[in-house]
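Below is one structure, written out as structure tokens, with a few remarks after it.
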Amino acid sequence: MKASAVANANIALTKYWGKRQEELILPQNSNLSVTLDGLTATTTVEFGNSYDRDIFILGGKEQSGEELDRVVTILNIIRKRTGMKLNAKVVSENNFPTAAGFASSAAGASALALAVSKAAGLNLDEKELSILARINSGSGTRSISGGFVQWIKGIKEDGSDSYGIQIAPKEHWPEFRILACILSTEAKKIKSRAGMKQSVANCPFYDIWKKTADEDTEKMKKFVHEKNFTELGRLAEHNCLKMHAVMQTTTPAIIYWNEKTIELMHAIMQWRDEGLECYFTMDAGPQVKIICLAKDVPEIEKRARAISVDKILECRLGDGARLMDKHLF
Ligand code: PMV
């Protein structure tokens, strides 16, 4: 009745911003991400008689409120499915900043889905795991698989056709890199869940986002298959700026960037003009993720350090969620 799993974070090349259904976390648009190696969440789940309630400990701190509720939702789905009634202890650790725009929730959701289902004696396939992870955190649906992953938005009310599928394995593009530049480790003030709800409700440009986001994802898929780095980078940057334009024109305004974010965006555009090909993308936080190829990593890192960007994590494409023998407790 105990299992542990590890899953990697993912970074979206075309973004998810907005739900069409809140409870099951069904997105307004399809989107596409890369699963990264090295940025991991590890989770151990144990069901047992000795627990008089469900407990969730993240990064050494017992969680309550929304964080706990989201875990209990997953436990309840599995209890309902198996008929088992035991409470559970869930312990999770991230090896990177939590809630600072690093898709920590995605890695956590995927590790949780795999560990909970296994601890309850189920062997779910990738599609079922992805659906389960989605109900904990939308972007989590994309971290069950490795490499390049598309979250198909689906059209069904019950969410059974809304999940992540691998469109290319990590071996498809071994030179592909993301340089994650950590510009602040402060937790974000507006969580993506609350922010995107506001955008759907009142951003005047939301319809344009919705209309173009699926097309962007279809194009992105083609560029991945063709390994067309230039078009992929251009589109990733455009789609990211479009999402941030939606965020910023929501009421109240959601501005995740800080002055360092903007400085680095300008620098990247400048480096590109000088022939160093790289592109930026940002999520619900100030961190800039630089999309580049392996051959350019040393030069990009050198230039980033020259403008005082010190914490840079070089990420290759990573694997999907997997079980672990070692438990956290
Ligand atoms: O799954 P959430 O609620 O953490 O939302 C993630 C939203 C973005 O990171 C901003 C975009 C994305 O597709 O990852």
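Convention: chains lettered A, B, ... in structure tokens order; per-chain residue numbering from 1; ligands numbered from 1 as shown.
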Closest contacts (range 5-102 of chain A/range 165-174 of chain A, max 12 Å, only C-alpha atoms) as CSV:
residue,atom,partner,partner_atom,distance
A:Ser30,CA,A:Ile165,CA,11.4
A:Asn31,CA,A:Ile165,CA,10.9
A:Leu32,CA,A:Ile167,CA,9.1
A:Ser33,CA,A:Gln166,CA,9.6
A:Val34,CA,A:Lys170,CA,8.8
A:Thr35,CA,A:Lys170,CA,8.5
A:Leu36,CA,A:Lys170,CA,9.3
A:Asp37,CA,A:Lys170,CA,10.0
Keeping all heavy atoms for every residue in the selection just given, could you write it to a file as a short mmCIF file (atom, residue, chain, number, x, y, z; two decimals), in the first residue's frame?
data_model
loop_
_atom_site.label_atom_id
_atom_site.label_comp_id
_atom_site.auth_asym_id
_atom_site.auth_seq_id
_atom_site.Cartn_x
_atom_site.Cartn_y
_atom_site.Cartn_z
N SER A 30 -5.59 23.35 -26.95
CA SER A 30 -4.52 22.35 -26.93
C SER A 30 -3.19 23.08 -26.78
O SER A 30 -3.09 24.28 -27.10
CB SER A 30 -4.52 21.54 -28.22
OG SER A 30 -5.70 20.77 -28.30
N ASN A 31 -2.16 22.40 -26.32
CA ASN A 31 -0.86 23.04 -26.10
C ASN A 31 0.23 21.98 -26.17
O ASN A 31 -0.08 20.79 -26.23
CB ASN A 31 -0.87 23.81 -24.76
CG ASN A 31 -1.48 23.02 -23.63
OD1 ASN A 31 -0.81 22.25 -22.97
ND2 ASN A 31 -2.80 23.14 -23.42
N LEU A 32 1.48 22.42 -26.16
CA LEU A 32 2.57 21.47 -26.43
C LEU A 32 3.81 21.82 -25.59
O LEU A 32 4.17 22.99 -25.50
CB LEU A 32 2.90 21.54 -27.92
CG LEU A 32 3.71 20.43 -28.55
CD1 LEU A 32 3.35 20.32 -30.03
CD2 LEU A 32 5.19 20.62 -28.40
N SER A 33 4.40 20.81 -24.99
CA SER A 33 5.53 21.09 -24.09
C SER A 33 6.70 20.13 -24.30
O SER A 33 6.58 19.13 -25.01
CB SER A 33 5.07 20.97 -22.63
OG SER A 33 4.62 19.65 -22.39
N VAL A 34 7.80 20.47 -23.64
CA VAL A 34 8.93 19.55 -23.57
C VAL A 34 9.10 19.13 -22.12
O VAL A 34 9.04 19.97 -21.22
CB VAL A 34 10.26 20.16 -24.08
CG1 VAL A 34 10.25 20.24 -25.59
CG2 VAL A 34 10.53 21.54 -23.49
N THR A 35 9.28 17.84 -21.92
CA THR A 35 9.56 17.33 -20.58
C THR A 35 11.07 17.44 -20.38
O THR A 35 11.84 17.04 -21.25
CB THR A 35 9.09 15.87 -20.45
OG1 THR A 35 7.69 15.83 -20.75
CG2 THR A 35 9.31 15.33 -19.04
N LEU A 36 11.48 18.02 -19.25
CA LEU A 36 12.90 18.30 -19.02
C LEU A 36 13.54 17.29 -18.10
O LEU A 36 12.88 16.80 -17.18
CB LEU A 36 13.03 19.69 -18.39
CG LEU A 36 12.40 20.84 -19.13
CD1 LEU A 36 12.56 22.12 -18.32
CD2 LEU A 36 13.04 21.01 -20.50
N ASP A 37 14.81 17.03 -18.30
CA ASP A 37 15.46 16.18 -17.30
C ASP A 37 15.98 17.09 -16.16
O ASP A 37 16.12 18.30 -16.34
CB ASP A 37 16.61 15.36 -17.91
CG ASP A 37 17.84 16.19 -18.18
OD1 ASP A 37 17.72 17.43 -18.18
OD2 ASP A 37 18.91 15.62 -18.41
#
**Study point:** Test item, alpha helix (DSSP H) assignment across range 61-296 of chain A, answer as a count of residues only
**Key:** 112
Exercise for review: Apply DSSP to the backbone of this structure and, from range 32-252 of chain A, keep only the residues in strand (DSSP E or B); write these as a PyMOL selection string.
Suggested key: chain A and resi 32-48+55-58+61-62+87-94+148-152+163-168+176-181
Writer output for current selection, C-alpha atoms, as a compact mmCIF listing (two decimals), in the first residue's frame:
# COMPACT_ATOMS: atom_id res chain seq x y z
CA LEU A 32 2.57 21.47 -26.43
CA SER A 33 5.53 21.09 -24.09
CA VAL A 34 8.93 19.55 -23.57
CA THR A 35 9.56 17.33 -20.58
CA LEU A 36 12.90 18.30 -19.02
CA ASP A 37 15.46 16.18 -17.30
CA GLY A 38 16.85 17.25 -13.93
CA LEU A 39 13.92 19.29 -12.57
CA THR A 40 12.09 16.66 -10.58
CA ALA A 41 9.35 16.08 -8.07
CA THR A 42 9.50 12.92 -5.98
CA THR A 43 6.41 11.64 -4.18
CA THR A 44 5.72 8.79 -1.76
CA VAL A 45 2.17 7.71 -0.98
CA GLU A 46 1.08 5.27 1.69
CA PHE A 47 -2.47 4.19 2.44
CA GLY A 48 -2.86 2.84 5.98
CA ILE A 55 -1.93 14.22 5.19
CA PHE A 56 0.09 16.04 2.51
CA ILE A 57 3.62 17.25 3.24
CA LEU A 58 5.37 19.29 0.52
CA LYS A 61 5.72 21.53 5.37
CA GLU A 62 2.29 20.08 6.08
CA ASN A 87 -6.59 7.44 4.49
CA ALA A 88 -3.16 8.26 3.08
CA LYS A 89 0.05 10.06 3.85
CA VAL A 90 1.58 11.85 0.86
CA VAL A 91 5.08 13.32 1.01
CA SER A 92 6.54 15.26 -1.91
CA GLU A 93 9.85 17.03 -2.60
CA ASN A 94 10.88 19.24 -5.51
CA PHE A 148 7.73 16.39 -26.75
CA VAL A 149 4.19 16.14 -25.46
CA GLN A 150 0.91 17.52 -26.75
CA TRP A 151 -2.03 18.07 -24.42
CA ILE A 152 -5.01 17.34 -26.61
CA TYR A 163 -4.77 14.19 -21.95
CA GLY A 164 -1.10 14.38 -22.91
CA ILE A 165 0.49 12.23 -25.61
CA GLN A 166 4.07 12.00 -26.69
CA ILE A 167 4.50 13.36 -30.22
CA ALA A 168 8.26 12.69 -30.37
CA PHE A 176 17.55 20.47 -28.02
CA ARG A 177 18.17 22.48 -24.84
CA ILE A 178 16.31 24.68 -22.42
CA LEU A 179 18.42 26.97 -20.23
CA ALA A 180 16.28 27.77 -17.22
CA CYS A 181 17.40 31.11 -15.77
Check your understanding: Between A:Asp207, A:Glu22, A:Glu237, A:Glu157, which is the closest to Asn136 in chain A once you count only C-alpha atoms?
Key -> A:Glu22
Cut-off 6 Å: closest chain A/ligand 1 atom pairs per residue, using only C-alpha atoms and all ligand atoms, as CSV:
residue,atom,partner,partner_atom_place_in_ligand_line,distance
A:Ile11,CA,ligand 1,14 (O),5.9
A:Ala12,CA,ligand 1,13 (O),4.9
A:Lys15,CA,ligand 1,13 (O),3.7
A:Tyr16,CA,ligand 1,13 (O),3.7
A:Trp17,CA,ligand 1,7 (C),5.7
A:Ala103,CA,ligand 1,4 (O),5.6
A:Ser105,CA,ligand 1,4 (O),5.5
A:Ser137,CA,ligand 1,1 (O),4.6
A:Gly138,CA,ligand 1,1 (O),3.8
A:Ser139,CA,ligand 1,1 (O),3.7
A:Ser192,CA,ligand 1,3 (O),4.9
A:Arg193,CA,ligand 1,3 (O),4.8
A:Asp283,CA,ligand 1,10 (C),4.2
A:Ala284,CA,ligand 1,10 (C),4.5
Exercise for review: Mind checking which residues fall within 9 Å of range 299-301 of chain A, counting only C-alpha atoms, ignoring those fewer than 3 positions away in the same chain, and posting them as a count of residues only?
Suggested key: 15
Practice item. Skip range 109-117 of chain A itself and residues of its chain fewer than 5 positions away, then list as a ChimeraX atom specification all residues within 7 Å of it, counting only C-alpha atoms. Key: /A:3-7,41-45,75,78,122-123,129,132-133,136-137,140-141,143-144,321
